[in-house]
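First up is the structure itself, then whatever we jot down about it.
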Amino acid sequence: MGGLLVEDIVSTTLLNQSVQIEGPTLFSGVKTKISITTDNDFDGIYFKRIDRQESSIIKACLDNIHKTPRTTILGEGPHQILLIEHLMATLYAFGIRKALIEVDGPEIPIGDGSAIHFVNAIESVGIKKLATRSFQTLGKSCYLELQNQTLLAIPANEFRSTYVLNYPGHPLLDFLSYTFTFSLQNFIKQIAQARTFALKSEVDHLVSHGFIKGNCLDFGIVIDQEKVLNPQGLRFQDEMARHKILDFLGDFALADLDLSMHNVSIRSGHQANIDFARKIKNQLKSDSYGT
């Protein structure tokens, strides 16, 4: 069966007008502002650093992802942009495939660690749909194993994503799973509100080495060996597994594919997600050319 290639995809949704989002960042410790503009003349999603005199425009695609240390980073060197995955997942959910995102700093605002601030911003300006979104069935199964991470995709009649979280021996994270059936409303209600999370020991290490700045309880869920440290607790009992689906959607969006498949991810992180998206895309290209 022929693959659904990037060239076959048209944008299904545009914003009624540009929208701005600003707030603190997780890794950079600065406040940044982004502006999202959509135009059907664009040929994809692009990011631009406007805080640099010689900033380049970088396309959001798998070829431009070079590092994934705890987050997905677009580009490299002085023009790189951190933490694009939550925004990319939101654009993917809305069907926004042609946009320019201007950023006045090195990182996308973290909000509360979820994607709901992006959803709210888009809903505040409204959208216009250009076409009905079409998903093509994945032609054959795809499998990837990377260290202790496993990802599998099988053909299905809709797009579903399952995440299995497993921190052996931890009372809250020993085994959590969630299955998401793709639709915009399901994304908003079930996935977009799920916050990023980390163990307190990990947070303390990252803060001490300067990798995270700011009040971590404002930016996500922090868990010690027994409990959630955030005073407000969890939004969902399985919030951490749901957030991992948010991450997967944001990373998979870089492949620019709409596929009917059931994806199962076990313990996967950003690098495994990116590698898996590349493998699926290469498989579709190979199928399409009959090789």
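For the structure tokens, the naming scheme is as follows: chains receive sequential letters (A, B, ...) according to their order of presentation, residues are indexed from 1 within each chain, and ligands are indexed from 1 in presentation order.
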
Inset, instruction - For region 234-246 of chain A, list every protein, DNA or RNA residue within 9 Å, evaluated using only C-alpha atoms, and leave out those in the same chain fewer than 5 positions away; present the list as a PyMOL selection string. - result: chain A and resi 85-86+89-90+114-115+161-165+173+176-180+187+190-197+221+228+251+265+267-269

Inset, instruction - Extract, using only C-alpha atoms, all DNA, RNA and protein residues at most 9 Å from Thr38 (chain A), discarding same-chain residues fewer than 6 positions from it, and format them as number ranges by chain. - result: A: 13-18, 45, 96-101

Expected file contents, prior selection, C-alpha atoms, as an mmCIF file, in the first residue's frame:
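Generated output (part19.cif):
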data_model
loop_
_atom_site.group_PDB
_atom_site.id
_atom_site.type_symbol
_atom_site.label_atom_id
_atom_site.label_comp_id
_atom_site.auth_asym_id
_atom_site.auth_seq_id
_atom_site.Cartn_x
_atom_site.Cartn_y
_atom_site.Cartn_z
ATOM 1 C CA THR A 13 -7.091 24.412 9.566
ATOM 2 C CA LEU A 14 -5.970 28.029 9.765
ATOM 3 C CA LEU A 15 -6.238 30.555 12.586
ATOM 4 C CA ASN A 16 -8.666 33.433 12.132
ATOM 5 C CA GLN A 17 -5.813 35.742 13.139
ATOM 6 C CA SER A 18 -2.355 35.572 14.619
ATOM 7 C CA ILE A 45 5.413 24.698 10.103
ATOM 8 C CA ILE A 96 -2.704 23.264 11.652
ATOM 9 C CA ARG A 97 0.024 22.251 9.191
ATOM 10 C CA LYS A 98 1.111 25.606 7.757
ATOM 11 C CA ALA A 99 2.343 28.176 10.251
ATOM 12 C CA LEU A 100 5.157 30.508 11.234
ATOM 13 C CA ILE A 101 6.014 30.593 14.935
#

Sorted by chain and rising residue number, which residues of region 105-208 of chain A lie within 7 Å of region 271-290 of chain A, and what are their closest atom pairs and distances in Å to one decimal, counting only C-alpha atoms, as a tab-separated table?
residue	atom	partner	partner_atom	distance
A:Cys142	CA	A:Ile280	CA	6.5
A:Leu144	CA	A:Phe276	CA	6.3
A:Leu146	CA	A:Ala272	CA	6.5

Inset, instruction - Identify, on the basis of only C-alpha atoms, every residue whose closest approach to Ile122 (chain A) does not exceed 10 Å; exclude the query and any residue fewer than 2 positions from it along the same chain; express the result as a PyMOL selection string. - result: chain A and resi 14-21+36+90-91+94+116-120+124-127

For those residues, write C-alpha atoms to a file as a tab-separated table (two decimals), in the first residue's frame.
chain	number	residue	atom	x	y	z
A	14	LEU	CA	-5.97	28.03	9.77
A	15	LEU	CA	-6.24	30.56	12.59
A	16	ASN	CA	-8.67	33.43	12.13
A	17	GLN	CA	-5.81	35.74	13.14
A	18	SER	CA	-2.36	35.57	14.62
A	19	VAL	CA	-2.13	34.70	18.30
A	20	GLN	CA	0.51	35.47	20.93
A	21	ILE	CA	1.45	33.41	23.97
A	36	ILE	CA	1.69	32.01	15.67
A	90	THR	CA	-1.47	21.10	19.83
A	91	LEU	CA	-1.00	22.26	16.24
A	94	PHE	CA	-6.07	21.18	15.50
A	116	ILE	CA	-3.68	23.78	27.70
A	117	HIS	CA	-2.26	27.32	27.37
A	118	PHE	CA	-1.79	26.69	23.64
A	119	VAL	CA	-5.31	25.29	23.30
A	120	ASN	CA	-6.78	28.30	25.09
A	124	SER	CA	-9.43	32.63	21.77
A	125	VAL	CA	-8.91	33.66	18.13
A	126	GLY	CA	-10.88	30.85	16.52
A	127	ILE	CA	-10.11	28.63	13.56

Legend entry - Contacts of Asp104 (chain A) at 10 Å (only C-alpha atoms; same-chain gap of 4+ positions) as a PyMOL selection string: chain A and resi 22+31-35+48-52+108

Inset, instruction - Would you kindly return, as a VMD selection string, each protein, DNA or RNA residue with an atom no farther than 10 Å from any atom of Ile65 (chain A), considering only C-alpha atoms and excluding same-chain residues fewer than 4 positions away? - result: chain A and resid 59 to 61 72 to 76 80 251 254 271 274

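Straight-line separation from CA of Glu202 (chain A) to CA of Leu62 (chain A): 27.7 Å.
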
Write out as a short mmCIF file (atom, residue, chain, number, x, y, z; two decimals) with N, CA and C atoms, in the first residue's frame which residues come within 10 Å of Cys216 (chain A) when counting only C-alpha atoms, dropping same-chain ones fewer than 3 positions away.
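Done, and the output landed in part-v9.cif:
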data_model
loop_
_atom_site.label_atom_id
_atom_site.label_comp_id
_atom_site.auth_asym_id
_atom_site.auth_seq_id
_atom_site.Cartn_x
_atom_site.Cartn_y
_atom_site.Cartn_z
N LEU A 26 11.11 26.66 31.10
CA LEU A 26 11.55 25.66 32.07
C LEU A 26 13.07 25.58 32.17
N ASP A 112 1.90 25.62 32.45
CA ASP A 112 1.89 24.83 33.68
C ASP A 112 2.46 23.44 33.46
N GLY A 113 3.16 23.25 32.34
CA GLY A 113 3.74 21.96 32.02
C GLY A 113 2.87 21.11 31.12
N PHE A 197 6.18 15.76 34.19
CA PHE A 197 6.45 15.30 35.55
C PHE A 197 7.91 14.87 35.68
N ALA A 198 8.36 14.81 36.92
CA ALA A 198 9.71 14.32 37.20
C ALA A 198 9.79 13.91 38.66
N LYS A 200 11.52 13.97 42.29
CA LYS A 200 12.21 15.04 43.01
C LYS A 200 13.72 14.87 42.94
N VAL A 203 14.76 16.28 39.67
CA VAL A 203 14.64 17.74 39.67
C VAL A 203 15.79 18.37 40.45
N ASP A 204 16.08 17.84 41.62
CA ASP A 204 17.18 18.39 42.44
C ASP A 204 18.50 18.33 41.68
N VAL A 207 18.36 20.96 38.77
CA VAL A 207 18.45 22.32 39.29
C VAL A 207 19.88 22.62 39.74
N ILE A 212 17.54 23.22 34.91
CA ILE A 212 16.18 23.69 35.13
C ILE A 212 16.24 24.90 36.02
N LYS A 213 15.43 25.92 35.68
CA LYS A 213 15.41 27.15 36.46
C LYS A 213 13.96 27.50 36.79
N PHE A 219 5.59 24.39 37.07
CA PHE A 219 5.80 23.97 35.69
C PHE A 219 5.49 22.51 35.43
N GLY A 220 4.99 21.79 36.42
CA GLY A 220 4.70 20.38 36.22
C GLY A 220 4.53 19.65 37.54
N ILE A 221 4.50 18.34 37.45
CA ILE A 221 4.29 17.48 38.61
C ILE A 221 5.65 17.04 39.15
N VAL A 222 5.84 17.17 40.44
CA VAL A 222 7.06 16.68 41.09
C VAL A 222 6.65 15.59 42.08
N ASN A 230 2.97 18.50 44.56
CA ASN A 230 2.15 19.65 44.20
C ASN A 230 0.94 19.72 45.13
#

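Closest to Leu257 (chain A) among A:Leu184, A:Leu199, A:Leu138, A:Leu82 is A:Leu138, based on only C-alpha atoms.
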
Legend entry - Counting only C-alpha atoms, the option among A:Glu123, A:Glu226, A:Asp63, A:Glu145 closest to Asp256 (chain A):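 The shortest atom-to-atom distance to Asp256 (chain A) comes from A:Asp63.
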
Write out as a compact mmCIF listing (two decimals) with N, CA and C atoms, in the first residue's frame the set of residues from region 179-259 of chain A that DSSP, computed on the backbone, places in alpha helix (DSSP H).
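Heads up, here's the output in selection_12.txt:
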# COMPACT_ATOMS: atom_id res chain seq x y z
N LEU A 184 -9.89 15.99 18.02
CA LEU A 184 -9.56 17.27 18.66
C LEU A 184 -10.18 17.36 20.05
N GLN A 185 -11.44 16.99 20.17
CA GLN A 185 -12.10 17.10 21.47
C GLN A 185 -11.48 16.16 22.49
N ASN A 186 -11.13 14.96 22.07
CA ASN A 186 -10.46 14.04 22.99
C ASN A 186 -9.11 14.60 23.43
N LYS A 200 11.52 13.97 42.29
CA LYS A 200 12.21 15.04 43.01
C LYS A 200 13.72 14.87 42.94
N SER A 201 14.20 13.65 42.99
CA SER A 201 15.65 13.42 42.90
C SER A 201 16.19 13.90 41.56
N GLU A 202 15.41 13.69 40.49
CA GLU A 202 15.83 14.17 39.17
C GLU A 202 15.81 15.69 39.12
N VAL A 203 14.76 16.28 39.67
CA VAL A 203 14.64 17.74 39.67
C VAL A 203 15.79 18.37 40.45
N ASP A 204 16.08 17.84 41.62
CA ASP A 204 17.18 18.39 42.44
C ASP A 204 18.50 18.33 41.68
N HIS A 205 18.74 17.22 40.99
CA HIS A 205 19.97 17.08 40.22
C HIS A 205 20.02 18.10 39.08
N LEU A 206 18.92 18.24 38.36
CA LEU A 206 18.89 19.16 37.22
C LEU A 206 19.01 20.61 37.67
N VAL A 207 18.36 20.96 38.77
CA VAL A 207 18.45 22.32 39.29
C VAL A 207 19.88 22.62 39.74
N SER A 208 20.50 21.67 40.43
CA SER A 208 21.85 21.89 40.95
C SER A 208 22.88 22.06 39.84
N CYS A 216 9.73 24.64 40.10
CA CYS A 216 9.33 23.46 39.33
C CYS A 216 7.89 23.05 39.60
N LEU A 217 7.36 23.35 40.79
CA LEU A 217 5.98 22.99 41.09
C LEU A 217 4.99 23.79 40.25
N ASP A 218 5.42 24.92 39.71
CA ASP A 218 4.56 25.71 38.82
C ASP A 218 4.57 25.17 37.40
N PHE A 219 5.59 24.39 37.07
CA PHE A 219 5.80 23.97 35.69
C PHE A 219 5.49 22.51 35.43
N GLU A 239 -2.32 10.85 35.02
CA GLU A 239 -1.88 12.06 34.33
C GLU A 239 -0.50 11.90 33.70
N MET A 240 0.40 11.20 34.35
CA MET A 240 1.75 11.06 33.83
C MET A 240 1.77 10.27 32.52
N ALA A 241 0.97 9.20 32.43
CA ALA A 241 0.89 8.44 31.18
C ALA A 241 0.25 9.27 30.09
N ARG A 242 -0.75 10.06 30.44
CA ARG A 242 -1.39 10.93 29.45
C ARG A 242 -0.39 11.95 28.91
N HIS A 243 0.44 12.49 29.82
CA HIS A 243 1.43 13.47 29.35
C HIS A 243 2.42 12.84 28.38
N LYS A 244 2.77 11.60 28.60
CA LYS A 244 3.68 10.92 27.68
C LYS A 244 3.05 10.77 26.30
N ILE A 245 1.73 10.65 26.22
CA ILE A 245 1.06 10.64 24.92
C ILE A 245 1.15 12.02 24.28
N LEU A 246 1.00 13.07 25.09
CA LEU A 246 1.19 14.43 24.58
C LEU A 246 2.58 14.58 23.96
N ASP A 247 3.59 14.10 24.65
CA ASP A 247 4.96 14.16 24.12
C ASP A 247 5.07 13.37 22.81
N PHE A 248 4.49 12.18 22.78
CA PHE A 248 4.57 11.37 21.56
C PHE A 248 3.90 12.09 20.39
N LEU A 249 2.73 12.67 20.61
CA LEU A 249 2.03 13.37 19.54
C LEU A 249 2.87 14.53 19.01
N GLY A 250 3.52 15.27 19.92
CA GLY A 250 4.34 16.39 19.50
C GLY A 250 5.54 15.95 18.69
N ASP A 251 6.16 14.85 19.09
CA ASP A 251 7.31 14.34 18.35
C ASP A 251 6.88 13.72 17.02
N PHE A 252 5.78 12.98 17.04
CA PHE A 252 5.29 12.35 15.81
C PHE A 252 4.81 13.39 14.80

Inset, instruction - For CA of Gln136 (chain A) and CA of Ala93 (chain A), quote the distance in Å rounded to one decimal. - result: 16.1 Å

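Taking CA of Tyr143 (chain A) as the reference point, CA of Arg70 (chain A) is found at 22.5 Å.
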